[in-house]
Structure formats: C-alpha cells, structure tokens
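**Q** I'd like to ask some things about the structure below.
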Amino acid sequence: MPADPTPELVPQAASWLRRRSWSAADRPVRTLLEAKRAAGRAGSVSVVLPALDEEATVGDIVRTVRRELMERLPLVDELVVVDSGSADGTAAVAAAAGARVVHRDEILPRLPAAPGKGEVLWRSLLVTRGEIVCFIDADLREFDPAFVSGIVGPLLTDPGIQLVKAMYDRPLEVTPSDSAAGDAAVVPSGGGRVTELVARPLLNLHWPELAGFVQPLGGEYAARRSLLERLPFPTGYGVELGLLVDALETVGLDALAQVDVGVRHHRHQDGQALGRMAATIYRTALERLDRTHRLKASADLVHPLLTQFTRDPETREFTAHTHPVTALERPPMHTVPEYAGRHPAR
C-alpha cells in the first residue's frame, strides 16, 4: 500500500512563512538607521535582559550591544538589565559592562513580585521608554548583535509588523558529565527539547496558523510597546507561548514575523527543570483554550498535523516538514466479536 502523500502546512501558515520570514542580512544596519531616523520617536528601541544568576554571560552581551549598537551604530537607545534576585554578581557585572540595572522588586513595589521570567518582562515595561522593546535572554554565549538588529529590523522598516521572533539553530552541547561515553559532544539540532515535545505540538494542533514559527519559545523577540502593553503576561515559563498566541488573537498573523539570526548558544537545563517548564507551558495553553471556549476539541479546533523544521546544509535555509498526528483508537477488545467468540464473558 503506497504511503500517504506528505501533508502541507495549512495555506495561511504556508503563505505567512514565505512572506514573513527573513534573514538578518536582508536589512543592513545602515538601512535600519535610516528607517529609525525617519520614524522619530516611534523608532526608539529599548533592549531588556531578564537575568537571574547570569554572571558568566550577561557582561559579554551588554558590552556587545553597547559597543556595536549604541556607540558604533546608534540603533539602540537604552539597555536595561532587570535582575530578578541573583545570588551571584550578575547586577555588578551588568552595570560595569554598561547596562542600567534595575532590581525586579524595585519596580511597582506595592505589588509583591511573583517568581518567574514573565514577571520580569512585564515589569520591565515600567522602566523602559522605547516604542520598540527587544527582549534578549541573559544566558547567551558567543552573542551576535544580529540577535538585536535582526529582530528590530522589520519593526523599523514595516509599520504593519507588530512582533518579531528570532529563529536560529539551537545545538545541544553535552558536557562530559552528561555524556554516557564521558566525552563532550554537540548535537547540532538537539536543543529546544520543550519546543519540540510540548510547544510545537500544542501550537500545531490548536493554533495551526502559528505552525510556521521555527522557535516559538525563543527568548529573543521584539515588539511594539503599543502591542505589549495590551497583552497579559504569564509570570513563568509560559510567557513566550502566551504572548505569541495572544498577539495572534490581538493583531492577526500578518502582523507577526520571524528573522533568521544564525545559531544560539546557551546554557541547557536539566530534565527536571525542563519538566517544570513543560508543565507551565501546557497550563498556559490550556488557560487560553479555556478563555476562548476552545478547550473541548472539535474538528475545526484541532489541526492534526505537526510541522517541524530542519536547516538545509547547502542553502542554509530552514525547511518545513509536516507530518500527520494520528489519533486512531481501537475499541476495548471485549467489544470485538472475534475476541468475544474466543473468550466468552467471565
């Protein structure tokens, strides 16, 4: 029996993927500076790094942004690190590197802070001024300024774009202590385990318009303040999925975009931490399904396809591969006549 033909992205997602996916190189920084000057106040850019015990990496990120995108090229107007209670020298390192450092608990002190990354991002809107807000995780290594310039680019050059996510390769770097053989190893596309096991299936099944996002949970994204201030922020790990789904419902798919910025190197969490993250993301999705009365699945609410992405080694472009998600169930065996004939009711 011949195999079924490979399914395709839903037409809306396929069209979006072609029109709203770019490379950072598509918009040279000089072009962005011209657009920024023409936009005036609407082109002001704030970069926010949420940080918790990131002493080893936050300094290099801050120095790179300040040197390349504030001093050499005036693309970024302010650089803020929001420290959510680090026990190490994160705050001191970030300040020495040139960031304005604000402690999470100093922002809106009348409201006790909840733990979690989303809480920090939400509060950061109170201590930043830019009309474009760019969030960057503070645990990145080998940081490239394109992580900032690439994702603010569409917002500066296209007034119809409201939110832009970075897409990238995410290698899983296995340390000797984690490797069964005792050797360090790199799995080129092994990172993003919660994305592949939880977030991508949820989005593909319930919000198939968002199936074209390569890194839906990525912590590097930029958006217009006018959008962010209208969205609820989940306080924990579900913030990225929550913002993406809510942005879709608020401004529509065509106002969202993604930009290829290369490779993301960062610290990987252990299995139990990933489990907690997965549970929070699942709960965030359930809240949105319930809010929109979509919790009970029906044919028009569940799209039984899963789209995944690989990087083509020759073209260096991301290629979509879509697979059916089967939900076939067999009835209880005691209801099958052939079984009942062989095993009379006891």
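Going by the structure tokens order, chains are called A, B, ..., each with residues numbered from 1, while ligands are numbered from 1 in the order shown.
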List every residue of segment 187-263 of chain A that has an atom at most 7 Å from any atom of segment 142-153 of chain A, giving for each one its closest atom pair and the distance in Å to one decimal, counting only C-alpha atoms, sorted by chain and then by ascending residue number, as JSON lines.
**A**
```
{"residue": "A:Tyr221", "atom": "CA", "partner": "A:Ile151", "partner_atom": "CA", "distance": 6.4}
{"residue": "A:Ala222", "atom": "CA", "partner": "A:Val152", "partner_atom": "CA", "distance": 6.0}
{"residue": "A:Val259", "atom": "CA", "partner": "A:Ile151", "partner_atom": "CA", "distance": 6.0}
{"residue": "A:Val261", "atom": "CA", "partner": "A:Phe147", "partner_atom": "CA", "distance": 5.8}
```
**Q** Using atom CA of Ala257 of chain A and atom CA of Trp22 of chain A as the two end points, give the distance in Å to one decimal.
**A**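 Taking atom CA of Ala257 of chain A and atom CA of Trp22 of chain A, their separation equals 8.2 Å.
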**Q** Can you pull out every residue within 9 Å of segment 275-283 of chain A, counting only C-alpha atoms, but drop anything in the same chain fewer than 4 positions away, and send it as JSON, numbers by chain?
**A** {"A": [194, 195, 197, 198, 199, 202, 236, 237, 238, 239, 240, 241, 242, 270, 271, 287, 288]}
**Q** Do you know which residues are at most 12 Å from segment 40-47 of chain A counting only C-alpha atoms, after dropping those on the same chain fewer than 4 positions away, and could you put them as a VMD selection string?
**A** chain A and resid 32 to 36 61 to 62 65 to 66 69 to 70 74 to 82 99 to 101 121 124 to 138 145 147 to 149 151 to 159 220 to 226
**Q** Could you tell me, as a list in words, which residues of segment 55-186 of chain A DSSP assigns to strand (DSSP E or B) when given the backbone?
**A**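 Written out, the strand (DSSP E or B) residues of segment 55-186 of chain A are Glu78, Leu79, Val80, Val81, Val82, Asp83, Arg100, Val101, Val102, His103, Ile132, Val133, Cys134, Phe135, Leu140, Arg141, Leu163, Val164, Lys165, Ala166, Met167, Tyr168, Asp169, Leu172, Glu173, Val174, Ala185 and Val186 of chain A.
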**Q** Export, as a short mmCIF file (atom, residue, chain, number, x, y, z; two decimals), in the first residue's frame, the selected residues with N, CA and C atoms.
**A**
```
data_model
loop_
_atom_site.label_atom_id
_atom_site.label_comp_id
_atom_site.auth_asym_id
_atom_site.auth_seq_id
_atom_site.Cartn_x
_atom_site.Cartn_y
_atom_site.Cartn_z
N GLU A 78 18.32 52.48 24.73
CA GLU A 78 18.58 52.16 26.13
C GLU A 78 18.74 50.66 26.30
N LEU A 79 19.55 50.31 27.28
CA LEU A 79 19.89 48.91 27.55
C LEU A 79 19.69 48.67 29.04
N VAL A 80 18.71 47.83 29.38
CA VAL A 80 18.32 47.62 30.76
C VAL A 80 18.42 46.14 31.11
N VAL A 81 19.08 45.85 32.22
CA VAL A 81 19.09 44.50 32.79
C VAL A 81 18.18 44.52 34.01
N VAL A 82 17.17 43.67 34.01
CA VAL A 82 16.28 43.54 35.16
C VAL A 82 16.68 42.29 35.92
N ASP A 83 17.24 42.50 37.10
CA ASP A 83 17.73 41.39 37.92
C ASP A 83 16.60 40.89 38.81
N ARG A 100 22.00 49.73 32.41
CA ARG A 100 21.28 50.23 33.57
C ARG A 100 20.64 49.01 34.22
N VAL A 101 20.93 48.79 35.48
CA VAL A 101 20.45 47.61 36.19
C VAL A 101 19.34 48.02 37.15
N VAL A 102 18.22 47.33 37.06
CA VAL A 102 17.08 47.58 37.94
C VAL A 102 16.69 46.26 38.58
N HIS A 103 16.49 46.27 39.89
CA HIS A 103 16.05 45.05 40.54
C HIS A 103 14.55 44.90 40.37
N ILE A 132 9.81 50.49 20.70
CA ILE A 132 10.10 49.10 20.32
C ILE A 132 10.89 48.49 21.46
N VAL A 133 10.39 47.37 22.00
CA VAL A 133 11.04 46.70 23.12
C VAL A 133 11.57 45.36 22.64
N CYS A 134 12.85 45.14 22.89
CA CYS A 134 13.54 43.92 22.43
C CYS A 134 14.00 43.13 23.63
N PHE A 135 13.51 41.91 23.79
CA PHE A 135 13.90 41.04 24.90
C PHE A 135 15.00 40.08 24.45
N LEU A 140 23.00 33.81 26.90
CA LEU A 140 23.57 33.50 25.59
C LEU A 140 25.09 33.62 25.61
N ARG A 141 25.73 32.72 24.89
CA ARG A 141 27.18 32.77 24.69
C ARG A 141 27.47 33.05 23.21
N LEU A 163 5.20 42.21 16.00
CA LEU A 163 6.04 41.36 16.84
C LEU A 163 6.92 40.49 15.95
N VAL A 164 8.19 40.39 16.31
CA VAL A 164 9.16 39.61 15.53
C VAL A 164 9.93 38.69 16.46
N LYS A 165 9.99 37.41 16.10
CA LYS A 165 10.76 36.45 16.87
C LYS A 165 12.01 36.06 16.11
N ALA A 166 13.09 35.79 16.86
CA ALA A 166 14.30 35.28 16.25
C ALA A 166 14.13 33.80 15.95
N MET A 167 14.73 33.35 14.85
CA MET A 167 14.83 31.91 14.59
C MET A 167 16.31 31.59 14.39
N TYR A 168 16.68 30.37 14.74
CA TYR A 168 18.10 30.02 14.75
C TYR A 168 18.26 28.52 14.92
N ASP A 169 19.48 28.04 14.68
CA ASP A 169 19.85 26.69 15.08
C ASP A 169 20.08 26.71 16.59
N LEU A 172 22.52 21.26 20.95
CA LEU A 172 22.57 20.77 22.33
C LEU A 172 24.01 20.39 22.62
N GLU A 173 24.60 21.11 23.54
CA GLU A 173 26.01 20.88 23.88
C GLU A 173 26.08 20.03 25.14
N VAL A 174 26.51 18.79 24.98
CA VAL A 174 26.54 17.83 26.07
C VAL A 174 27.91 17.86 26.72
N ALA A 185 30.16 16.51 23.63
CA ALA A 185 29.56 16.29 22.32
C ALA A 185 28.59 17.41 22.01
N VAL A 186 28.34 17.62 20.72
CA VAL A 186 27.39 18.62 20.27
C VAL A 186 26.39 17.95 19.34
#
```
**Q** Please return as number ranges by chain: the residues of segment 58-257 of chain A that backbone DSSP assigns to helix (DSSP H, G or I).
**A** A: 58-72, 90-97, 104-106, 117-124, 146-157, 193-206, 208-210, 225-228, 239-251, 253-255
**Q** Measuring between only C-alpha atoms, which one of A:Leu228, A:Val120, A:Ala94, A:Val245 shows the shortest distance to Pro208 of chain A?
**A** A:Val245
**Q** Could you tell me how far atom CA of Glu8 of chain A sits from atom CA of Asp254 of chain A, in Å to one decimal place?
**A** 19.3 Å
**Q** Select, from A:Ala25, A:Ala92, A:Val336, A:Leu108, the residue with the minimum atom-to-atom distance to Asp53 of chain A, counting only C-alpha atoms.
**A**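 Closest to Asp53 of chain A, using only C-alpha atoms: A:Ala92.
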**Q** When you count only C-alpha atoms, which of these residues is closest to Thr31 of chain A: A:Thr250, A:His343, A:Leu73, A:Val214?
**A**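 Among the listed residues, A:Leu73 lies closest to Thr31 of chain A.
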**Q** Find the residues near Gly85 of chain A: any atom within 10 Å, counting only C-alpha atoms, skip ones fewer than 3 places away on the same chain, and give them as a PyMOL selection string.
**A** chain A and resi 51-53+82+88+90-91+103-105+115
